[in-house]
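K.L.:
File name final-v7.pdb; file contents PDB, C-alpha atoms, pLDDT in the B column; full text below.
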ATOM      1  CA  TYR A 175      72.232 107.160 120.540  1.00 49.00           C
ATOM      2  CA  ASN A 176      70.041 105.233 122.988  1.00 49.00           C
ATOM      3  CA  ARG A 177      69.159 106.211 126.529  1.00 63.00           C
ATOM      4  CA  ASN A 178      67.138 103.964 128.819  1.00 70.00           C
ATOM      5  CA  GLU A 179      63.775 105.481 127.885  1.00 80.00           C
ATOM      6  CA  LYS A 180      64.578 107.532 124.769  1.00 88.00           C
ATOM      7  CA  GLN A 181      66.445 107.389 121.499  1.00 90.00           C
ATOM      8  CA  VAL A 182      68.180 110.501 120.187  1.00 90.00           C
ATOM      9  CA  PHE A 183      68.804 111.071 116.476  1.00 88.00           C
ATOM     10  CA  SER A 184      70.502 113.793 114.475  1.00 84.00           C
ATOM     11  CA  PRO A 185      68.279 115.247 111.684  1.00 79.00           C
ATOM     12  CA  ASP A 186      71.330 116.520 109.739  1.00 80.00           C
ATOM     13  CA  ASP A 187      71.115 119.856 111.510  1.00 85.00           C
ATOM     14  CA  PRO A 188      74.059 121.020 113.653  1.00 87.00           C
ATOM     15  CA  VAL A 189      71.859 122.552 116.332  1.00 94.00           C
ATOM     16  CA  GLN A 190      68.846 120.206 116.463  1.00 95.00           C
ATOM     17  CA  VAL A 191      68.097 116.600 117.467  1.00 95.00           C
ATOM     18  CA  ILE A 192      65.075 114.299 117.423  1.00 95.00           C
ATOM     19  CA  PHE A 193      63.956 112.613 120.643  1.00 95.00           C
ATOM     20  CA  ARG A 194      61.944 109.404 120.324  1.00 95.00           C
ATOM     21  CA  TYR A 195      60.327 108.216 123.538  1.00 96.00           C
ATOM     22  CA  LYS A 196      60.305 104.450 124.078  1.00 94.00           C
ATOM     23  CA  ASP A 197      57.782 102.216 125.849  1.00 94.00           C
ATOM     24  CA  VAL A 198      60.553 101.035 128.179  1.00 91.00           C
ATOM     25  CA  THR A 199      60.439 102.029 131.850  1.00 91.00           C
ATOM     26  CA  THR A 200      63.369 101.768 134.249  1.00 90.00           C
ATOM     27  CA  ALA A 201      63.831 102.441 137.947  1.00 88.00           C
ATOM     28  CA  TYR A 202      66.568 102.260 140.548  1.00 82.00           C
ATOM     29  CA  HIS A 203      69.253 103.224 138.004  1.00 77.00           C
ATOM     30  CA  GLY A 204      68.192 100.562 135.530  1.00 77.00           C
ATOM     31  CA  VAL A 205      67.971  97.665 137.986  1.00 83.00           C
ATOM     32  CA  LYS A 206      64.203  97.391 137.464  1.00 89.00           C
ATOM     33  CA  ARG A 207      62.980  97.423 133.881  1.00 90.00           C
ATOM     34  CA  ALA A 208      59.693  96.763 132.057  1.00 91.00           C
ATOM     35  CA  ARG A 209      57.753  97.651 128.912  1.00 91.00           C
ATOM     36  CA  PHE A 210      54.314  99.290 128.825  1.00 93.00           C
ATOM     37  CA  ASN A 211      52.711  99.577 125.396  1.00 94.00           C
ATOM     38  CA  GLY A 212      51.811 103.176 124.590  1.00 95.00           C
ATOM     39  CA  LYS A 213      53.809 104.666 127.444  1.00 96.00           C
ATOM     40  CA  GLY A 214      56.358 106.354 125.151  1.00 96.00           C
ATOM     41  CA  ALA A 215      53.708 108.308 123.255  1.00 96.00           C
ATOM     42  CA  LEU A 216      52.045 109.438 126.499  1.00 97.00           C
ATOM     43  CA  THR A 217      55.323 110.526 128.075  1.00 97.00           C
ATOM     44  CA  SER A 218      56.313 112.449 124.952  1.00 97.00           C
ATOM     45  CA  GLN A 219      52.986 114.276 124.757  1.00 97.00           C
ATOM     46  CA  ILE A 220      52.971 115.207 128.449  1.00 98.00           C
ATOM     47  CA  SER A 221      56.557 116.442 128.293  1.00 98.00           C
ATOM     48  CA  ALA A 222      55.789 118.446 125.142  1.00 98.00           C
ATOM     49  CA  LEU A 223      52.918 120.201 126.945  1.00 98.00           C
ATOM     50  CA  LEU A 224      54.989 121.000 130.044  1.00 98.00           C
ATOM     51  CA  LEU A 225      58.151 122.079 128.232  1.00 98.00           C
ATOM     52  CA  GLY A 226      56.090 124.076 125.733  1.00 98.00           C
ATOM     53  CA  TYR A 227      54.312 125.786 128.632  1.00 98.00           C
ATOM     54  CA  LEU A 228      57.651 126.822 130.127  1.00 98.00           C
ATOM     55  CA  ASN A 229      58.831 128.143 126.744  1.00 98.00           C
ATOM     56  CA  GLU A 230      55.659 130.204 126.455  1.00 97.00           C
ATOM     57  CA  ASN A 231      56.237 131.632 129.924  1.00 98.00           C
ATOM     58  CA  GLY A 232      59.777 132.806 129.313  1.00 97.00           C
ATOM     59  CA  VAL A 233      61.743 129.782 130.521  1.00 98.00           C
ATOM     60  CA  ASP A 234      63.897 128.401 127.711  1.00 98.00           C
ATOM     61  CA  THR A 235      63.957 124.646 127.173  1.00 98.00           C
ATOM     62  CA  HIS A 236      65.347 122.390 124.455  1.00 98.00           C
ATOM     63  CA  PHE A 237      61.848 121.527 123.182  1.00 98.00           C
ATOM     64  CA  ILE A 238      60.901 122.967 119.772  1.00 97.00           C
ATOM     65  CA  ARG A 239      57.833 121.014 118.604  1.00 97.00           C
ATOM     66  CA  THR A 240      56.282 117.581 118.310  1.00 96.00           C
ATOM     67  CA  LEU A 241      56.624 115.655 115.052  1.00 95.00           C
ATOM     68  CA  SER A 242      54.115 113.575 113.090  1.00 91.00           C
ATOM     69  CA  ASP A 243      54.953 110.507 115.193  1.00 93.00           C
ATOM     70  CA  GLU A 244      53.485 111.353 118.611  1.00 93.00           C
ATOM     71  CA  ARG A 245      56.487 109.666 120.249  1.00 95.00           C
ATOM     72  CA  GLU A 246      58.910 112.131 118.654  1.00 96.00           C
ATOM     73  CA  GLN A 247      60.006 115.696 119.361  1.00 97.00           C
ATOM     74  CA  LEU A 248      62.305 118.103 117.583  1.00 96.00           C
ATOM     75  CA  CYS A 249      64.654 119.621 120.151  1.00 96.00           C
ATOM     76  CA  ARG A 250      67.590 121.997 120.350  1.00 97.00           C
ATOM     77  CA  MET A 251      70.962 120.304 120.581  1.00 95.00           C
ATOM     78  CA  ILE A 252      72.784 120.860 123.854  1.00 96.00           C
ATOM     79  CA  GLU A 253      76.056 120.182 125.584  1.00 95.00           C
ATOM     80  CA  ILE A 254      74.895 118.162 128.585  1.00 95.00           C
ATOM     81  CA  ILE A 255      75.596 119.539 132.049  1.00 97.00           C
ATOM     82  CA  PRO A 256      75.799 116.396 134.230  1.00 97.00           C
ATOM     83  CA  LEU A 257      73.815 117.892 137.085  1.00 98.00           C
ATOM     84  CA  GLU A 258      70.180 117.617 138.151  1.00 97.00           C
ATOM     85  CA  VAL A 259      68.260 120.056 140.293  1.00 98.00           C
ATOM     86  CA  VAL A 260      65.297 118.444 142.025  1.00 98.00           C
ATOM     87  CA  PHE A 261      62.381 120.633 143.108  1.00 98.00           C
ATOM     88  CA  HIS A 262      60.466 119.284 146.142  1.00 98.00           C
ATOM     89  CA  ASN A 263      57.053 120.447 147.330  1.00 98.00           C
ATOM     90  CA  ARG A 264      56.934 117.315 149.488  1.00 98.00           C
ATOM     91  CA  ILE A 265      59.604 114.998 150.884  1.00 97.00           C
ATOM     92  CA  CYS A 266      59.194 111.585 149.251  1.00 96.00           C
ATOM     93  CA  GLY A 267      61.036 108.464 148.245  1.00 93.00           C
ATOM     94  CA  SER A 268      64.766 108.294 148.874  1.00 91.00           C
ATOM     95  CA  LEU A 269      64.828 111.804 150.360  1.00 94.00           C
ATOM     96  CA  ALA A 270      62.263 110.820 153.010  1.00 95.00           C
ATOM     97  CA  THR A 271      64.365 107.751 153.841  1.00 95.00           C
ATOM     98  CA  LYS A 272      67.552 109.832 154.000  1.00 93.00           C
ATOM     99  CA  LEU A 273      65.985 112.403 156.337  1.00 95.00           C
ATOM    100  CA  GLY A 274      64.057 109.871 158.427  1.00 96.00           C
ATOM    101  CA  VAL A 275      60.667 111.480 157.888  1.00 97.00           C
ATOM    102  CA  GLU A 276      57.305 110.138 156.792  1.00 96.00           C
ATOM    103  CA  ASP A 277      57.011 109.649 153.040  1.00 95.00           C
ATOM    104  CA  GLY A 278      55.006 112.566 151.664  1.00 96.00           C
ATOM    105  CA  MET A 279      55.822 115.043 154.440  1.00 97.00           C
ATOM    106  CA  LYS A 280      54.946 118.576 153.339  1.00 97.00           C
ATOM    107  CA  PRO A 281      57.469 121.150 154.596  1.00 97.00           C
ATOM    108  CA  GLU A 282      56.723 124.848 154.930  1.00 97.00           C
ATOM    109  CA  ASN A 283      59.450 125.680 152.420  1.00 97.00           C
ATOM    110  CA  THR A 284      60.375 124.412 148.959  1.00 97.00           C
ATOM    111  CA  ILE A 285      63.481 122.210 148.826  1.00 98.00           C
ATOM    112  CA  LEU A 286      66.006 122.178 145.987  1.00 98.00           C
ATOM    113  CA  ASP A 287      68.527 119.359 145.753  1.00 97.00           C
ATOM    114  CA  LEU A 288      71.594 119.299 143.516  1.00 98.00           C
ATOM    115  CA  CYS A 289      72.610 115.868 142.209  1.00 97.00           C
ATOM    116  CA  TYR A 290      75.545 114.635 140.149  1.00 97.00           C
ATOM    117  CA  ASN A 291      73.957 112.999 137.096  1.00 94.00           C
ATOM    118  CA  ASN A 292      76.099 109.864 137.053  1.00 93.00           C
ATOM    119  CA  ASP A 293      74.403 106.446 136.879  1.00 86.00           C
ATOM    120  CA  GLU A 294      77.537 104.573 137.949  1.00 89.00           C
ATOM    121  CA  LEU A 295      77.617 106.556 141.192  1.00 92.00           C
ATOM    122  CA  GLY A 296      73.842 106.432 141.669  1.00 88.00           C
ATOM    123  CA  ASP A 297      73.217 110.156 140.980  1.00 91.00           C
ATOM    124  CA  PRO A 298      74.507 111.243 144.408  1.00 94.00           C
ATOM    125  CA  LEU A 299      73.642 114.491 146.126  1.00 95.00           C
ATOM    126  CA  ILE A 300      76.401 117.034 145.582  1.00 97.00           C
ATOM    127  CA  ASN A 301      76.949 120.546 146.882  1.00 97.00           C
ATOM    128  CA  ARG A 302      77.776 123.660 144.898  1.00 97.00           C
ATOM    129  CA  ASP A 303      81.456 123.676 145.829  1.00 98.00           C
ATOM    130  CA  GLN A 304      81.856 120.046 144.776  1.00 98.00           C
ATOM    131  CA  ALA A 305      80.129 120.745 141.457  1.00 98.00           C
ATOM    132  CA  VAL A 306      82.505 123.619 140.758  1.00 98.00           C
ATOM    133  CA  ALA A 307      85.526 121.572 141.880  1.00 98.00           C
ATOM    134  CA  LEU A 308      84.580 118.863 139.355  1.00 97.00           C
ATOM    135  CA  LYS A 309      84.196 121.589 136.685  1.00 97.00           C
ATOM    136  CA  LEU A 310      80.577 120.567 136.056  1.00 97.00           C
ATOM    137  CA  ALA A 311      79.414 124.185 136.249  1.00 96.00           C
ATOM    138  CA  THR A 312      80.499 127.594 137.497  1.00 97.00           C
ATOM    139  CA  TYR A 313      78.978 129.403 140.463  1.00 98.00           C
ATOM    140  CA  PRO A 314      77.086 131.860 138.207  1.00 97.00           C
ATOM    141  CA  GLU A 315      75.764 128.922 136.146  1.00 96.00           C
ATOM    142  CA  LEU A 316      74.583 127.187 139.318  1.00 98.00           C
ATOM    143  CA  ASP A 317      72.838 130.392 140.441  1.00 98.00           C
ATOM    144  CA  MET A 318      71.113 130.532 137.061  1.00 97.00           C
ATOM    145  CA  MET A 319      70.026 126.884 137.254  1.00 98.00           C
ATOM    146  CA  TYR A 320      68.558 127.389 140.724  1.00 98.00           C
ATOM    147  CA  ASP A 321      66.675 130.490 139.575  1.00 98.00           C
ATOM    148  CA  ILE A 322      65.313 128.598 136.554  1.00 98.00           C
ATOM    149  CA  VAL A 323      64.152 125.693 138.730  1.00 98.00           C
ATOM    150  CA  ARG A 324      62.429 127.927 141.288  1.00 98.00           C
ATOM    151  CA  ARG A 325      60.504 129.731 138.544  1.00 98.00           C
ATOM    152  CA  SER A 326      59.741 126.569 136.578  1.00 98.00           C
ATOM    153  CA  GLY A 327      58.701 124.637 139.651  1.00 98.00           C
ATOM    154  CA  GLN A 328      56.208 127.329 140.615  1.00 98.00           C
ATOM    155  CA  LEU A 329      54.828 127.599 137.068  1.00 98.00           C
ATOM    156  CA  LEU A 330      54.308 123.836 136.878  1.00 98.00           C
ATOM    157  CA  THR A 331      52.908 123.616 140.414  1.00 98.00           C
ATOM    158  CA  ASP A 332      50.265 126.215 139.509  1.00 98.00           C
ATOM    159  CA  LEU A 333      49.460 124.667 136.127  1.00 98.00           C
ATOM    160  CA  LEU A 334      49.054 121.144 137.506  1.00 98.00           C
ATOM    161  CA  HIS A 335      46.966 122.449 140.407  1.00 98.00           C
ATOM    162  CA  GLN A 336      44.508 123.827 137.864  1.00 97.00           C
ATOM    163  CA  ALA A 337      44.312 120.281 136.495  1.00 98.00           C
ATOM    164  CA  GLY A 338      43.649 118.813 139.950  1.00 98.00           C
ATOM    165  CA  ILE A 339      47.147 117.344 140.195  1.00 98.00           C
ATOM    166  CA  GLU A 340      49.691 118.063 142.923  1.00 98.00           C
ATOM    167  CA  LEU A 341      53.279 118.431 141.765  1.00 98.00           C
ATOM    168  CA  VAL A 342      55.105 116.610 144.554  1.00 98.00           C
ATOM    169  CA  ASP A 343      58.588 116.927 143.063  1.00 98.00           C
ATOM    170  CA  ALA A 344      60.278 117.390 139.695  1.00 98.00           C
ATOM    171  CA  LYS A 345      63.736 116.625 138.339  1.00 98.00           C
ATOM    172  CA  PHE A 346      65.262 119.243 136.041  1.00 98.00           C
ATOM    173  CA  GLU A 347      68.219 118.559 133.766  1.00 97.00           C
ATOM    174  CA  PHE A 348      70.196 121.205 131.905  1.00 98.00           C
ATOM    175  CA  GLY A 349      72.464 121.791 128.958  1.00 97.00           C
ATOM    176  CA  ARG A 350      74.266 124.561 127.119  1.00 97.00           C
ATOM    177  CA  ALA A 351      72.349 125.241 123.901  1.00 96.00           C
ATOM    178  CA  ALA A 352      74.373 124.592 120.742  1.00 95.00           C
ATOM    179  CA  ASP A 353      72.752 127.563 118.984  1.00 93.00           C
ATOM    180  CA  THR A 354      73.197 130.234 121.674  1.00 95.00           C
ATOM    181  CA  GLY A 355      75.352 128.759 124.455  1.00 95.00           C
ATOM    182  CA  ALA A 356      72.625 129.626 126.974  1.00 96.00           C
ATOM    183  CA  ILE A 357      71.800 127.269 129.841  1.00 97.00           C
ATOM    184  CA  ILE A 358      68.397 125.734 129.138  1.00 98.00           C
ATOM    185  CA  ILE A 359      66.213 122.961 130.537  1.00 98.00           C
ATOM    186  CA  SER A 360      66.751 119.684 128.691  1.00 96.00           C
ATOM    187  CA  ASP A 361      65.607 116.053 128.664  1.00 95.00           C
ATOM    188  CA  GLU A 362      61.946 115.775 129.763  1.00 96.00           C
ATOM    189  CA  LEU A 363      59.301 116.759 132.299  1.00 98.00           C
ATOM    190  CA  SER A 364      56.746 113.991 132.703  1.00 97.00           C
ATOM    191  CA  PRO A 365      55.420 111.452 135.222  1.00 97.00           C
ATOM    192  CA  ASP A 366      58.715 109.644 134.607  1.00 96.00           C
ATOM    193  CA  THR A 367      60.697 112.542 136.104  1.00 96.00           C
ATOM    194  CA  CYS A 368      58.067 114.184 138.359  1.00 98.00           C
ATOM    195  CA  ARG A 369      55.903 112.843 141.133  1.00 98.00           C
ATOM    196  CA  MET A 370      52.274 113.763 140.475  1.00 98.00           C
ATOM    197  CA  TRP A 371      49.415 112.961 142.831  1.00 98.00           C
ATOM    198  CA  ASP A 372      45.679 113.309 142.283  1.00 98.00           C
ATOM    199  CA  GLU A 373      44.699 116.187 144.586  1.00 97.00           C
ATOM    200  CA  GLU A 374      41.355 114.643 145.581  1.00 96.00           C
ATOM    201  CA  THR A 375      42.326 111.000 146.090  1.00 96.00           C
ATOM    202  CA  GLY A 376      46.080 111.159 146.666  1.00 95.00           C
ATOM    203  CA  GLU A 377      46.497 108.497 143.983  1.00 96.00           C
ATOM    204  CA  ARG A 378      49.986 108.387 142.508  1.00 97.00           C
ATOM    205  CA  LEU A 379      49.892 109.111 138.788  1.00 98.00           C
ATOM    206  CA  ASP A 380      53.624 108.803 138.114  1.00 97.00           C
ATOM    207  CA  LYS A 381      56.480 106.317 137.863  1.00 96.00           C
ATOM    208  CA  ASP A 382      56.047 105.381 141.530  1.00 96.00           C
ATOM    209  CA  ARG A 383      53.323 103.065 140.240  1.00 96.00           C
ATOM    210  CA  PHE A 384      56.138 101.055 138.677  1.00 95.00           C
ATOM    211  CA  ARG A 385      58.665 101.559 141.460  1.00 94.00           C
ATOM    212  CA  LEU A 386      56.185 100.451 144.136  1.00 93.00           C
ATOM    213  CA  ASP A 387      54.315  97.828 142.060  1.00 93.00           C
ATOM    214  CA  LEU A 388      51.036  99.750 142.153  1.00 94.00           C
ATOM    215  CA  GLY A 389      49.927  98.728 138.662  1.00 88.00           C
ATOM    216  CA  ASP A 390      50.121  99.699 134.994  1.00 91.00           C
ATOM    217  CA  LEU A 391      51.517 103.144 134.214  1.00 94.00           C
ATOM    218  CA  VAL A 392      49.478 103.756 131.078  1.00 96.00           C
ATOM    219  CA  PRO A 393      46.053 104.497 132.657  1.00 97.00           C
ATOM    220  CA  SER A 394      47.615 106.977 135.111  1.00 97.00           C
ATOM    221  CA  TYR A 395      49.723 108.709 132.469  1.00 98.00           C
ATOM    222  CA  SER A 396      46.597 108.934 130.295  1.00 98.00           C
ATOM    223  CA  ILE A 397      44.777 110.695 133.144  1.00 98.00           C
ATOM    224  CA  VAL A 398      47.614 113.225 133.492  1.00 98.00           C
ATOM    225  CA  LEU A 399      47.586 113.939 129.748  1.00 98.00           C
ATOM    226  CA  GLU A 400      43.801 114.339 129.614  1.00 98.00           C
ATOM    227  CA  LYS A 401      43.690 116.652 132.648  1.00 98.00           C
ATOM    228  CA  LEU A 402      46.513 118.796 131.278  1.00 98.00           C
ATOM    229  CA  ARG A 403      44.929 119.067 127.857  1.00 97.00           C
ATOM    230  CA  ASN A 404      41.597 120.083 129.363  1.00 96.00           C
ATOM    231  CA  VAL A 405      43.198 122.896 131.357  1.00 95.00           C
ATOM    232  CA  MET A 406      45.464 124.138 128.584  1.00 93.00           C
ATOM    233  CA  GLU A 407      42.728 124.082 125.938  1.00 85.00           C
ATOM    234  CA  THR A 408      40.522 126.096 128.293  1.00 77.00           C
ATOM    235  CA  GLU A 409      43.291 128.676 128.743  1.00 67.00           C
ATOM    236  CA  GLU A 410      43.607 129.050 124.964  1.00 59.00           C
TER     237      GLU A 410
END
Please re-express this file's structure in structure tokens.
P.N.:
Amino acid sequence: YNRNEKQVFSPDDPVQVIFRYKDVTTAYHGVKRARFNGKGALTSQISALLLGYLNENGVDTHFIRTLSDEREQLCRMIEIIPLEVVFHNRICGSLATKLGVEDGMKPENTILDLCYNNDELGDPLINRDQAVALKLATYPELDMMYDIVRRSGQLLTDLLHQAGIELVDAKFEFGRAADTGAIIISDELSPDTCRMWDEETGERLDKDRFRLDLGDLVPSYSIVLEKLRNVMETEE
């Protein structure tokens, strides 16, 4: 099936799927839409690095490996949990507007937001009791998701810092793995789903470039990929 920025195929395996990242970019729940040549390959490669890094550090994700087409990934099949947990190191975008604070405010604590992943409703904020009432997840599952996001957010914050990039926020999606039933991170982690700022210049290297009409995404996404590769190759 097609999603806004990805296509998902079944490779004739009951517990695996293929993700193909597209060059399409959307914002504001699909209201704003454009195409950037090469963006799909960059997003796929960045997400593969970040999801692979989490796998290597004991956080299970749906990512298995990249395929010969650099836009494609082999992933574990999941039953989608229609919730998002957003990890905030800074308060930006719609959250800053909602709270009436300056965009980019850095709080002393880390903020986690729970959202109902529903485009028709605009992915509204939801609390734990509402999520359980709608039978989207159980309380123990929500506890597990929060624990996963806190650990993952810190791992990615530290990794990106080594690359000279500040992880401002990150959106995590989840599913129940078809092979084990375990709750695992799904979808993607990339500049499409995370805000990433250059630590020295403050330049935005993520989808805000599209949201705020700051210019082409491809050069910024290329910078993120290069910086990540340099750090991760050094670690190896």
K.L.:
What are the nearest atom pairs, with distances in Å to one decimal, for all residues of segment 203-306 of chain A that come at most 12 Å from segment 320-336 of chain A, using only C-alpha atoms, set out by chain and rising residue number as CSV?
P.N.:
residue,atom,partner,partner_atom,distance
A:Ile220,CA,A:Leu334,CA,11.5
A:Ser221,CA,A:Leu330,CA,11.6
A:Leu223,CA,A:Leu330,CA,10.7
A:Leu224,CA,A:Leu330,CA,7.4
A:Leu225,CA,A:Ser326,CA,9.6
A:Gly226,CA,A:Leu330,CA,11.3
A:Tyr227,CA,A:Leu330,CA,8.5
A:Leu228,CA,A:Ser326,CA,6.8
A:Asn229,CA,A:Ser326,CA,10.0
A:Glu230,CA,A:Leu329,CA,11.0
A:Asn231,CA,A:Leu329,CA,8.3
A:Gly232,CA,A:Ser326,CA,9.6
A:Val233,CA,A:Ile322,CA,7.1
A:Asp234,CA,A:Ile322,CA,9.0
A:Thr235,CA,A:Ile322,CA,10.3
A:Leu257,CA,A:Tyr320,CA,11.4
A:Glu258,CA,A:Val323,CA,10.1
A:Val259,CA,A:Val323,CA,7.1
A:Val260,CA,A:Val323,CA,8.0
A:Phe261,CA,A:Gly327,CA,6.4
A:His262,CA,A:Gly327,CA,8.6
A:Asn263,CA,A:Thr331,CA,8.7
A:Arg264,CA,A:Thr331,CA,11.8
A:Asn283,CA,A:Arg324,CA,11.7
A:Thr284,CA,A:Arg324,CA,8.7
A:Ile285,CA,A:Arg324,CA,9.5
A:Leu286,CA,A:Tyr320,CA,7.8
A:Asp287,CA,A:Tyr320,CA,9.5
A:Leu288,CA,A:Tyr320,CA,9.1
A:Arg302,CA,A:Tyr320,CA,10.8
K.L.:
Would you mind exporting C-alpha atoms of the selected residues as an mmCIF file, keeping the file's coordinate frame?
P.N.:
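Wrote part01.cif, looks like this:
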data_model
loop_
_atom_site.group_PDB
_atom_site.id
_atom_site.type_symbol
_atom_site.label_atom_id
_atom_site.label_comp_id
_atom_site.auth_asym_id
_atom_site.auth_seq_id
_atom_site.Cartn_x
_atom_site.Cartn_y
_atom_site.Cartn_z
ATOM 1 C CA ILE A 220 52.971 115.207 128.449
ATOM 2 C CA SER A 221 56.557 116.442 128.293
ATOM 3 C CA LEU A 223 52.918 120.201 126.945
ATOM 4 C CA LEU A 224 54.989 121.000 130.044
ATOM 5 C CA LEU A 225 58.151 122.079 128.232
ATOM 6 C CA GLY A 226 56.090 124.076 125.733
ATOM 7 C CA TYR A 227 54.312 125.786 128.632
ATOM 8 C CA LEU A 228 57.651 126.822 130.127
ATOM 9 C CA ASN A 229 58.831 128.143 126.744
ATOM 10 C CA GLU A 230 55.659 130.204 126.455
ATOM 11 C CA ASN A 231 56.237 131.632 129.924
ATOM 12 C CA GLY A 232 59.777 132.806 129.313
ATOM 13 C CA VAL A 233 61.743 129.782 130.521
ATOM 14 C CA ASP A 234 63.897 128.401 127.711
ATOM 15 C CA THR A 235 63.957 124.646 127.173
ATOM 16 C CA LEU A 257 73.815 117.892 137.085
ATOM 17 C CA GLU A 258 70.180 117.617 138.151
ATOM 18 C CA VAL A 259 68.260 120.056 140.293
ATOM 19 C CA VAL A 260 65.297 118.444 142.025
ATOM 20 C CA PHE A 261 62.381 120.633 143.108
ATOM 21 C CA HIS A 262 60.466 119.284 146.142
ATOM 22 C CA ASN A 263 57.053 120.447 147.330
ATOM 23 C CA ARG A 264 56.934 117.315 149.488
ATOM 24 C CA ASN A 283 59.450 125.680 152.420
ATOM 25 C CA THR A 284 60.375 124.412 148.959
ATOM 26 C CA ILE A 285 63.481 122.210 148.826
ATOM 27 C CA LEU A 286 66.006 122.178 145.987
ATOM 28 C CA ASP A 287 68.527 119.359 145.753
ATOM 29 C CA LEU A 288 71.594 119.299 143.516
ATOM 30 C CA ARG A 302 77.776 123.660 144.898
#
K.L.:
Just give me the gap between atom CA of Leu386 of chain A and atom CA of Trp371 of chain A in Å, one decimal is fine.
P.N.:
14.3 Å
K.L.:
Pick from A:Leu399, A:Gly267, A:Arg245, A:Asp387: nearest to Arg369 of chain A, with only C-alpha atoms counted?
P.N.:
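Of A:Leu399, A:Gly267, A:Arg245, A:Asp387, the one nearest Arg369 of chain A is A:Gly267, counting only C-alpha atoms.
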K.L.:
At what distance in Å, to one decimal, does atom CA of Thr312 of chain A lie from atom CA of Arg350 of chain A?
P.N.:
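Atom CA of Arg350 of chain A sits 12.5 Å away from atom CA of Thr312 of chain A.
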K.L.:
Can you work out which one of A:Ala208, A:Met251, A:Ile265, A:Leu363 has the shortest atom-to-atom distance to Asp186 of chain A, counting all atoms listed in the file?
P.N.:
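Looking only at the distances to Asp186 of chain A, the closest residue turns out to be A:Met251.
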K.L.:
When you draw a straight line from atom CA of Asn178 of chain A to atom CA of Glu246 of chain A, how long is it in Å?
P.N.:
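So the answer is 15.4 Å.
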K.L.:
The PyMOL selection byres ((chain A and resi 297) around 12) on the file shown: which residues, as a ChimeraX atom specification?
P.N.:
/A:202-203,256-260,268,287-296,298-300,345
K.L.:
In file coordinates, which residues lie within 10 Å of (53.2, 114.2, 143.2) using only C-alpha atoms, given as a PyMOL selection string?
P.N.:
chain A and resi 262-264+266+278+331+334+339-344+365+368-373+376-380+382
K.L.:
Could you check which of A:Met318, A:Ala215, A:Leu402, A:Ile358 is closest to Lys196 of chain A, using all atoms listed in the file?
P.N.:
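So, comparing all the options, the nearest one is A:Ala215.
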K.L.:
Looking at all atoms listed in the file, which of A:Lys401, A:His236, A:Lys206, A:Val198 is the one that sits closest to Ile252 of chain A?
P.N.:
A:His236
K.L.:
For each of A:Gln247, A:Asn211, A:Ser218, A:Gln304, take the minimum atom-to-atom distance to Val182 of chain A, counting all atoms listed in the file, then give the residue where this is smallest.
P.N.:
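Answer, going by the shortest atom-to-atom distance: A:Gln247.
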K.L.:
Translate the PyMOL selection byres ((chain A and resi 210) around 9), as applied to the file shown, into an explicit residue set as an MDAnalysis selection string.
P.N.:
chainID A and resid 197:199 208:209 211:214 390:392
